[in-house]
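The next block is my_file.cif, given as mmCIF, C-alpha atoms.
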data_coords
loop_
_atom_site.label_atom_id
_atom_site.label_comp_id
_atom_site.auth_asym_id
_atom_site.auth_seq_id
_atom_site.Cartn_x
_atom_site.Cartn_y
_atom_site.Cartn_z
CA MET M 1 9.65 -6.49 -27.96
CA SER M 2 12.00 -3.51 -27.62
CA LEU M 3 14.34 -3.09 -24.68
CA GLN M 4 13.77 -0.20 -22.26
CA PHE M 5 16.78 1.93 -21.38
CA HIS M 6 15.10 4.46 -19.06
CA LYS M 7 13.56 4.48 -15.58
CA PHE M 8 10.13 5.76 -16.55
CA HIS M 9 6.86 3.89 -17.03
CA LEU M 10 5.28 4.50 -20.42
CA VAL M 11 1.68 3.59 -19.71
CA SER M 12 -0.04 1.46 -22.35
CA GLN M 13 -3.41 2.45 -23.81
CA SER M 14 -6.32 1.86 -21.44
CA PRO M 15 -10.11 2.29 -21.75
CA TRP M 16 -10.60 2.92 -18.02
CA PRO M 17 -10.09 6.73 -17.96
CA LEU M 18 -12.86 7.21 -20.52
CA TYR M 19 -15.23 4.74 -18.85
CA ALA M 20 -14.48 6.12 -15.39
CA SER M 21 -15.19 9.71 -16.45
CA ALA M 22 -18.54 8.67 -17.98
CA SER M 23 -19.48 6.72 -14.85
CA VAL M 24 -18.53 9.63 -12.55
CA LEU M 25 -20.73 11.92 -14.67
CA THR M 26 -23.59 9.46 -14.21
CA LEU M 27 -22.94 9.39 -10.47
CA ALA M 28 -22.98 13.20 -10.20
CA LEU M 29 -26.12 13.45 -12.34
CA GLY M 30 -27.87 10.85 -10.19
CA LEU M 31 -26.88 12.70 -7.02
CA VAL M 32 -28.31 16.01 -8.29
CA LEU M 33 -31.51 14.37 -9.55
CA SER M 34 -31.94 12.49 -6.29
CA MET M 35 -31.44 15.59 -4.13
CA HIS M 36 -34.09 17.47 -6.14
CA GLY M 37 -36.59 14.62 -5.99
CA PHE M 38 -36.72 13.73 -9.68
CA ALA M 39 -38.21 10.38 -10.64
CA GLY M 40 -35.47 7.81 -11.14
CA GLY M 41 -32.87 10.04 -9.52
CA PHE M 42 -32.00 7.61 -6.74
CA LYS M 43 -31.79 4.70 -9.19
CA THR M 44 -29.44 6.75 -11.38
CA LEU M 45 -27.35 7.51 -8.30
CA ILE M 46 -27.07 3.82 -7.37
CA PHE M 47 -26.27 2.85 -10.96
CA GLY M 48 -23.61 5.54 -11.21
CA PHE M 49 -22.06 4.40 -7.93
CA LEU M 50 -21.95 0.76 -9.06
CA ILE M 51 -20.39 1.40 -12.46
CA THR M 52 -17.93 3.92 -10.99
CA SER M 53 -16.83 1.31 -8.43
CA PHE M 54 -16.58 -1.33 -11.14
CA PHE M 55 -14.43 0.67 -13.56
CA ALA M 56 -12.29 2.09 -10.75
CA SER M 57 -11.56 -1.43 -9.46
CA LEU M 58 -10.51 -2.55 -12.94
CA TRP M 59 -8.25 0.47 -13.34
CA TRP M 60 -6.64 -0.04 -9.93
CA ARG M 61 -6.24 -3.74 -10.69
CA ASP M 62 -4.10 -2.80 -13.67
CA VAL M 63 -2.02 -0.42 -11.54
CA VAL M 64 -1.44 -3.14 -8.94
CA ARG M 65 -0.40 -5.58 -11.66
CA GLU M 66 2.01 -3.06 -13.16
CA SER M 67 3.53 -2.38 -9.75
CA THR M 68 3.64 -5.84 -8.18
CA PHE M 69 4.02 -8.29 -11.04
CA GLU M 70 5.47 -6.33 -13.96
CA GLY M 71 7.99 -4.25 -12.00
CA CYS M 72 7.06 -1.01 -13.75
CA HIS M 73 7.18 1.15 -10.63
CA THR M 74 10.87 1.92 -10.36
CA LYS M 75 12.18 4.35 -7.76
CA LYS M 76 11.88 7.15 -10.29
CA VAL M 77 8.27 6.23 -11.02
CA GLN M 78 7.53 6.04 -7.29
CA GLN M 79 8.84 9.58 -6.87
CA GLY M 80 6.39 10.77 -9.49
CA LEU M 81 3.53 8.85 -7.89
CA ARG M 82 4.33 10.32 -4.47
CA LEU M 83 4.33 13.83 -5.91
CA GLY M 84 1.07 13.16 -7.72
CA PHE M 85 -0.59 11.88 -4.56
CA ILE M 86 0.64 14.88 -2.58
CA LEU M 87 -0.91 17.16 -5.21
CA PHE M 88 -4.13 15.15 -4.93
CA ILE M 89 -4.21 15.74 -1.16
CA VAL M 90 -3.59 19.45 -1.80
CA SER M 91 -6.60 19.52 -4.13
CA GLU M 92 -8.69 17.78 -1.46
CA THR M 93 -7.52 20.40 1.03
CA MET M 94 -8.78 23.13 -1.29
CA LEU M 95 -12.17 21.40 -1.41
CA PHE M 96 -12.49 21.59 2.36
CA VAL M 97 -11.17 25.16 2.36
CA SER M 98 -14.14 26.11 0.19
CA LEU M 99 -16.57 24.31 2.51
CA PHE M 100 -15.10 25.94 5.63
CA TRP M 101 -15.21 29.28 3.79
CA ALA M 102 -18.95 28.86 3.30
CA PHE M 103 -19.31 27.99 6.98
CA PHE M 104 -17.39 31.06 8.20
CA HIS M 105 -19.10 33.35 5.69
CA SER M 106 -22.40 32.62 7.43
CA SER M 107 -21.25 32.04 11.01
CA LEU M 108 -18.94 35.05 11.54
CA ALA M 109 -21.45 37.56 10.21
CA PRO M 110 -24.91 35.97 10.43
CA GLY M 111 -27.53 37.82 8.42
CA ILE M 112 -30.90 39.09 9.57
CA GLU M 113 -32.55 36.25 7.63
CA ILE M 114 -31.35 33.80 10.30
CA GLY M 115 -31.89 36.13 13.24
CA GLY M 116 -28.44 37.69 13.30
CA VAL M 117 -27.13 34.90 15.53
CA TRP M 118 -25.22 31.67 15.07
CA PRO M 119 -26.55 29.01 15.25
CA PRO M 120 -29.71 30.42 13.64
CA ASN M 121 -32.86 30.86 15.70
CA GLY M 122 -34.87 27.65 15.96
CA VAL M 123 -31.95 25.29 15.24
CA VAL M 124 -31.17 22.81 18.01
CA THR M 125 -27.50 21.81 17.69
CA LEU M 126 -25.96 18.47 18.57
CA ASN M 127 -24.19 17.75 21.82
CA THR M 128 -20.47 18.34 21.21
CA TRP M 129 -19.44 16.02 24.02
CA GLY M 130 -21.43 13.03 22.81
CA ILE M 131 -20.92 11.24 19.52
CA PRO M 132 -18.68 13.99 18.02
CA LEU M 133 -16.17 13.68 20.87
CA LEU M 134 -16.30 9.87 20.72
CA ASN M 135 -15.67 9.97 16.97
CA THR M 136 -12.70 12.26 17.60
CA TYR M 137 -11.16 9.71 19.95
CA ILE M 138 -11.86 6.96 17.42
CA LEU M 139 -10.13 8.75 14.54
CA LEU M 140 -7.13 9.75 16.64
CA LEU M 141 -6.76 6.16 17.81
CA SER M 142 -7.09 4.89 14.25
CA GLY M 143 -4.28 7.22 13.18
CA ALA M 144 -2.08 5.77 15.92
CA THR M 145 -2.83 2.15 15.00
CA LEU M 146 -2.21 2.87 11.32
CA THR M 147 1.14 4.49 12.13
CA TYR M 148 2.06 1.43 14.18
CA ALA M 149 1.08 -0.78 11.25
CA HIS M 150 3.31 1.27 8.93
CA TYR M 151 6.33 1.04 11.23
CA SER M 152 5.73 -2.69 11.65
CA LEU M 153 5.74 -3.08 7.88
CA VAL M 154 9.01 -1.15 7.61
CA LEU M 155 10.48 -3.50 10.23
CA GLY M 156 9.22 -6.53 8.31
CA ASP M 157 6.77 -7.75 10.97
CA LEU M 158 3.82 -8.83 8.83
CA LEU M 159 1.71 -10.17 11.71
CA LYS M 160 1.79 -6.89 13.65
CA THR M 161 1.11 -4.96 10.47
CA VAL M 162 -1.97 -7.03 9.64
CA ASN M 163 -3.33 -6.92 13.21
CA SER M 164 -2.83 -3.16 13.52
CA LEU M 165 -4.44 -2.56 10.16
CA LEU M 166 -7.42 -4.70 11.18
CA VAL M 167 -7.90 -2.53 14.26
CA THR M 168 -7.74 0.58 12.06
CA LEU M 169 -10.40 -0.84 9.73
CA PHE M 170 -12.66 -1.66 12.67
CA LEU M 171 -12.30 1.87 14.05
CA ALA M 172 -13.04 3.40 10.64
CA LEU M 173 -16.20 1.31 10.30
CA PHE M 174 -17.24 2.20 13.85
CA PHE M 175 -16.82 5.91 13.02
CA LEU M 176 -19.08 5.58 9.97
CA LEU M 177 -21.77 3.73 11.94
CA LEU M 178 -21.76 6.39 14.65
CA GLN M 179 -22.01 9.16 12.07
CA ALA M 180 -24.93 7.40 10.40
CA TYR M 181 -26.66 7.14 13.79
CA GLU M 182 -25.98 10.83 14.41
CA TYR M 183 -27.58 11.74 11.09
CA LYS M 184 -30.60 9.59 11.85
CA THR M 185 -31.20 11.16 15.27
CA ALA M 186 -30.18 14.77 14.46
CA PRO M 187 -32.89 17.36 15.28
CA PHE M 188 -32.29 19.19 11.97
CA ASP M 189 -31.66 18.28 8.34
CA ILE M 190 -29.83 19.76 5.36
CA SER M 191 -32.73 22.09 4.51
CA ASP M 192 -32.81 23.76 7.94
CA SER M 193 -31.25 27.10 7.09
CA VAL M 194 -27.62 27.67 6.15
CA TYR M 195 -26.54 25.90 9.34
CA GLY M 196 -28.00 22.60 8.18
CA SER M 197 -26.53 23.04 4.72
CA THR M 198 -22.98 23.77 5.89
CA PHE M 199 -23.14 21.14 8.64
CA TYR M 200 -24.16 18.30 6.36
CA LEU M 201 -21.84 19.41 3.56
CA LEU M 202 -18.80 19.46 5.85
CA THR M 203 -19.56 16.34 7.87
CA GLY M 204 -20.98 14.52 4.85
CA PHE M 205 -17.98 15.13 2.63
CA HIS M 206 -15.70 14.17 5.50
CA GLY M 207 -17.71 10.98 6.01
CA LEU M 208 -17.36 10.24 2.31
CA HIS M 209 -13.60 10.63 2.64
CA VAL M 210 -13.62 8.28 5.62
CA LEU M 211 -15.46 5.72 3.48
CA VAL M 212 -12.92 6.12 0.66
CA GLY M 213 -10.09 5.81 3.20
CA PHE M 214 -11.70 2.67 4.61
CA LEU M 215 -11.82 1.10 1.14
CA PHE M 216 -8.24 2.25 0.50
CA LEU M 217 -7.04 0.55 3.68
CA PHE M 218 -9.12 -2.55 2.99
CA VAL M 219 -7.37 -2.95 -0.37
CA CYS M 220 -4.04 -2.54 1.45
CA PHE M 221 -5.12 -5.27 3.88
CA TYR M 222 -5.84 -7.60 0.97
CA ARG M 223 -2.51 -6.79 -0.64
CA LEU M 224 -0.71 -7.35 2.66
CA THR M 225 -2.22 -10.80 3.05
CA SER M 226 -1.32 -11.50 -0.60
CA TYR M 227 2.34 -10.52 0.06
CA HIS M 228 2.31 -7.61 -2.38
CA PHE M 229 4.24 -5.29 -0.05
CA THR M 230 7.84 -5.45 1.10
CA LYS M 231 9.86 -3.38 3.56
CA GLU M 232 11.32 -1.38 0.68
CA HIS M 233 8.36 -1.24 -1.70
CA HIS M 234 4.93 -0.39 -0.24
CA LEU M 235 3.96 2.86 -1.89
CA GLY M 236 0.27 1.94 -1.93
CA PHE M 237 0.31 1.54 1.84
CA GLU M 238 2.14 4.85 2.29
CA ALA M 239 -0.44 6.65 0.15
CA ALA M 240 -3.29 5.13 2.17
CA ALA M 241 -1.61 6.24 5.42
CA TRP M 242 -1.14 9.80 4.12
CA TYR M 243 -4.77 9.94 3.06
CA TRP M 244 -5.98 8.66 6.43
CA HIS M 245 -3.92 11.18 8.39
CA PHE M 246 -5.33 13.91 6.15
CA VAL M 247 -8.84 12.71 7.06
CA ASP M 248 -7.87 12.84 10.75
CA VAL M 249 -6.68 16.44 10.54
CA ILE M 250 -9.82 17.56 8.69
CA TRP M 251 -12.00 15.95 11.36
CA LEU M 252 -10.19 17.84 14.12
CA LEU M 253 -11.07 21.08 12.32
CA VAL M 254 -14.67 19.91 11.83
CA PHE M 255 -14.97 19.04 15.52
CA LEU M 256 -13.52 22.33 16.74
CA LEU M 257 -15.29 24.64 14.30
CA VAL M 258 -18.59 22.95 13.45
CA TYR M 259 -19.42 21.16 16.70
CA TYR M 260 -17.61 23.11 19.44
CA TYR M 261 -17.68 26.64 18.02
CA SER M 262 -21.31 26.41 16.94
CA ASN M 263 -22.58 25.47 20.42
#
As structure tokens, the full file:
Amino acid sequence: MSLQFHKFHLVSQSPWPLYASASVLTLALGLVLSMHGFAGGFKTLIFGFLITSFFASLWWRDVVRESTFEGCHTKKVQQGLRLGFILFIVSETMLFVSLFWAFFHSSLAPGIEIGGVWPPNGVVTLNTWGIPLLNTYILLLSGATLTYAHYSLVLGDLLKTVNSLLVTLFLALFFLLLQAYEYKTAPFDISDSVYGSTFYLLTGFHGLHVLVGFLFLFVCFYRLTSYHFTKEHHLGFEAAAWYWHFVDVIWLLVFLLVYYYSN
């Protein structure tokens, strides 16, 4: 075994990138087949989701081991990881920019095909001051409780950190349940003109990000209770907090532009 005289982490060979890419391809293929009503499309979607989750968990398990037990994440490595995660959030921002672009392309200059008005003729929109407003309060409160959990972790108060993170997880789950109820009771679906398409794309992708953020925070909760984080070294928790605040900001835009502006 050779000695290491630098601060960088030279990652060992891993099969997970290859397996993860193949599973994500299966997931995307299943989603497209399912949306177009092909036989076996939904089963392919479920299979792709399961294998993607499986390989991702194995990959992240290795990253946690390298960070917590092998000491590979030096301060220099953490700087690189922070930069990489910031670039990831920038890429996610560009995704939502494209979705909002599609929304404004149709809403600012509605064509004659939809009656020249926005929302289109015949589309009954949702009540802005019902579930959407409640979900806004929930996400803003979850951002506050997560921030409190982060500061408690920095101060070394594990009990307050765990309790605050539990409240955040509960609020995230409550948001997802309310959004599912909204979808079930909505008077329109994704095929109801361009309004339905842009509405479900924006809110659906945001809901997917809330789900990913929930899982991200749940893993942080497990790592907290397993004493993986310290006051000085909790990069995984920081990344989860950044991601969650990003989700909060996107929802504020969705609420103002999709729910409020469109009514």
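The list of residues with at least one atom within 10 Å of Lys7 (chain M), based on only C-alpha atoms and without residues fewer than 4 positions apart in the same chain, reads Cys72, His73, Thr74, Lys75, Lys76 and Val77 of chain M.
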Task: Option closest in space to Leu169 (chain M), from M:Ser12, M:Ser98, M:Gln79, M:Ser142 [counting all atoms listed in the file] - done: M:Ser142
- [ ] Given the file shown, determine the residues that the PyMOL selection byres ((chain M and resi 212-214) around 9) selects; report them as an MDAnalysis selection string.
- [x] chainID M and resid 168:169 172:173 207:211 215:219 240:241 243:244 247
- [ ] Name all residues at most 12 Å from His206 (chain M) (count all atoms listed in the file; drop same-chain ones fewer than 3 positions away) and give them as a ChimeraX atom specification.
- [x] /M:92-93,95-96,99-100,139,175-176,179,199-203,209-213,243-244,246-255
Residues in the PyMOL selection byres ((chain M and resi 28-35) around 12), expressed as a PDB file with C-alpha atoms, in the frame of the given file:
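Heads up, here's the output in part-v2.pdb:
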ATOM      1  CA  SER M  21     -15.190   9.710 -16.450  1.00  0.00           C
ATOM      2  CA  ALA M  22     -18.540   8.670 -17.980  1.00  0.00           C
ATOM      3  CA  SER M  23     -19.480   6.720 -14.850  1.00  0.00           C
ATOM      4  CA  VAL M  24     -18.530   9.630 -12.550  1.00  0.00           C
ATOM      5  CA  LEU M  25     -20.730  11.920 -14.670  1.00  0.00           C
ATOM      6  CA  THR M  26     -23.590   9.460 -14.210  1.00  0.00           C
ATOM      7  CA  LEU M  27     -22.940   9.390 -10.470  1.00  0.00           C
ATOM      8  CA  HIS M  36     -34.090  17.470  -6.140  1.00  0.00           C
ATOM      9  CA  GLY M  37     -36.590  14.620  -5.990  1.00  0.00           C
ATOM     10  CA  PHE M  38     -36.720  13.730  -9.680  1.00  0.00           C
ATOM     11  CA  ALA M  39     -38.210  10.380 -10.640  1.00  0.00           C
ATOM     12  CA  GLY M  40     -35.470   7.810 -11.140  1.00  0.00           C
ATOM     13  CA  GLY M  41     -32.870  10.040  -9.520  1.00  0.00           C
ATOM     14  CA  PHE M  42     -32.000   7.610  -6.740  1.00  0.00           C
ATOM     15  CA  LYS M  43     -31.790   4.700  -9.190  1.00  0.00           C
ATOM     16  CA  THR M  44     -29.440   6.750 -11.380  1.00  0.00           C
ATOM     17  CA  LEU M  45     -27.350   7.510  -8.300  1.00  0.00           C
ATOM     18  CA  ILE M  46     -27.070   3.820  -7.370  1.00  0.00           C
ATOM     19  CA  PHE M  47     -26.270   2.850 -10.960  1.00  0.00           C
ATOM     20  CA  GLY M  48     -23.610   5.540 -11.210  1.00  0.00           C
ATOM     21  CA  PHE M  49     -22.060   4.400  -7.930  1.00  0.00           C
ATOM     22  CA  LEU M  50     -21.950   0.760  -9.060  1.00  0.00           C
ATOM     23  CA  THR M  52     -17.930   3.920 -10.990  1.00  0.00           C
ATOM     24  CA  ILE M 190     -29.830  19.760   5.360  1.00  0.00           C
ATOM     25  CA  SER M 191     -32.730  22.090   4.510  1.00  0.00           C
TER      26      SER M 191
END
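In this structure, CA of Val124 (chain M) sits 17.7 Å away from CA of Leu256 (chain M).
For the atom pair formed by CA of Leu257 (chain M) and CA of Phe174 (chain M), the distance is 22.5 Å, given to one decimal.
Proximity of M:Gly236, M:Leu58, M:Tyr195, M:Leu87 to Asn121 (chain M), computed with all atoms listed in the file, is greatest for M:Tyr195.
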Open item on the list: Just checking: using all atoms listed in the file, which residue out of M:Leu10, M:Ala239, M:Tyr181, M:Ala20 ends up closest to Pro132 (chain M)?
Closed with: M:Tyr181
Open item on the list: Quick one: residues within 7 Å of Tyr148 (chain M), all atoms listed in the file, excluding same-chain residues fewer than 4 positions away - as number ranges by chain?
Closed with: M: 144, 152, 164
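Using all atoms listed in the file, the nearest neighbour of Ser197 (chain M) within the list M:Ser106, M:Asp62, M:Leu166, M:Phe229 is M:Ser106.
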- [ ] Would you kindly return, as an MDAnalysis selection string, each protein, DNA or RNA residue with an atom no farther than 7 Å from any atom of Val167 (chain M), considering only C-alpha atoms and excluding same-chain residues fewer than 4 positions away?
- [x] chainID M and resid 145 163 171
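Here CA of Thr147 (chain M) and CA of Gln78 (chain M) stand 20.5 Å from one another.
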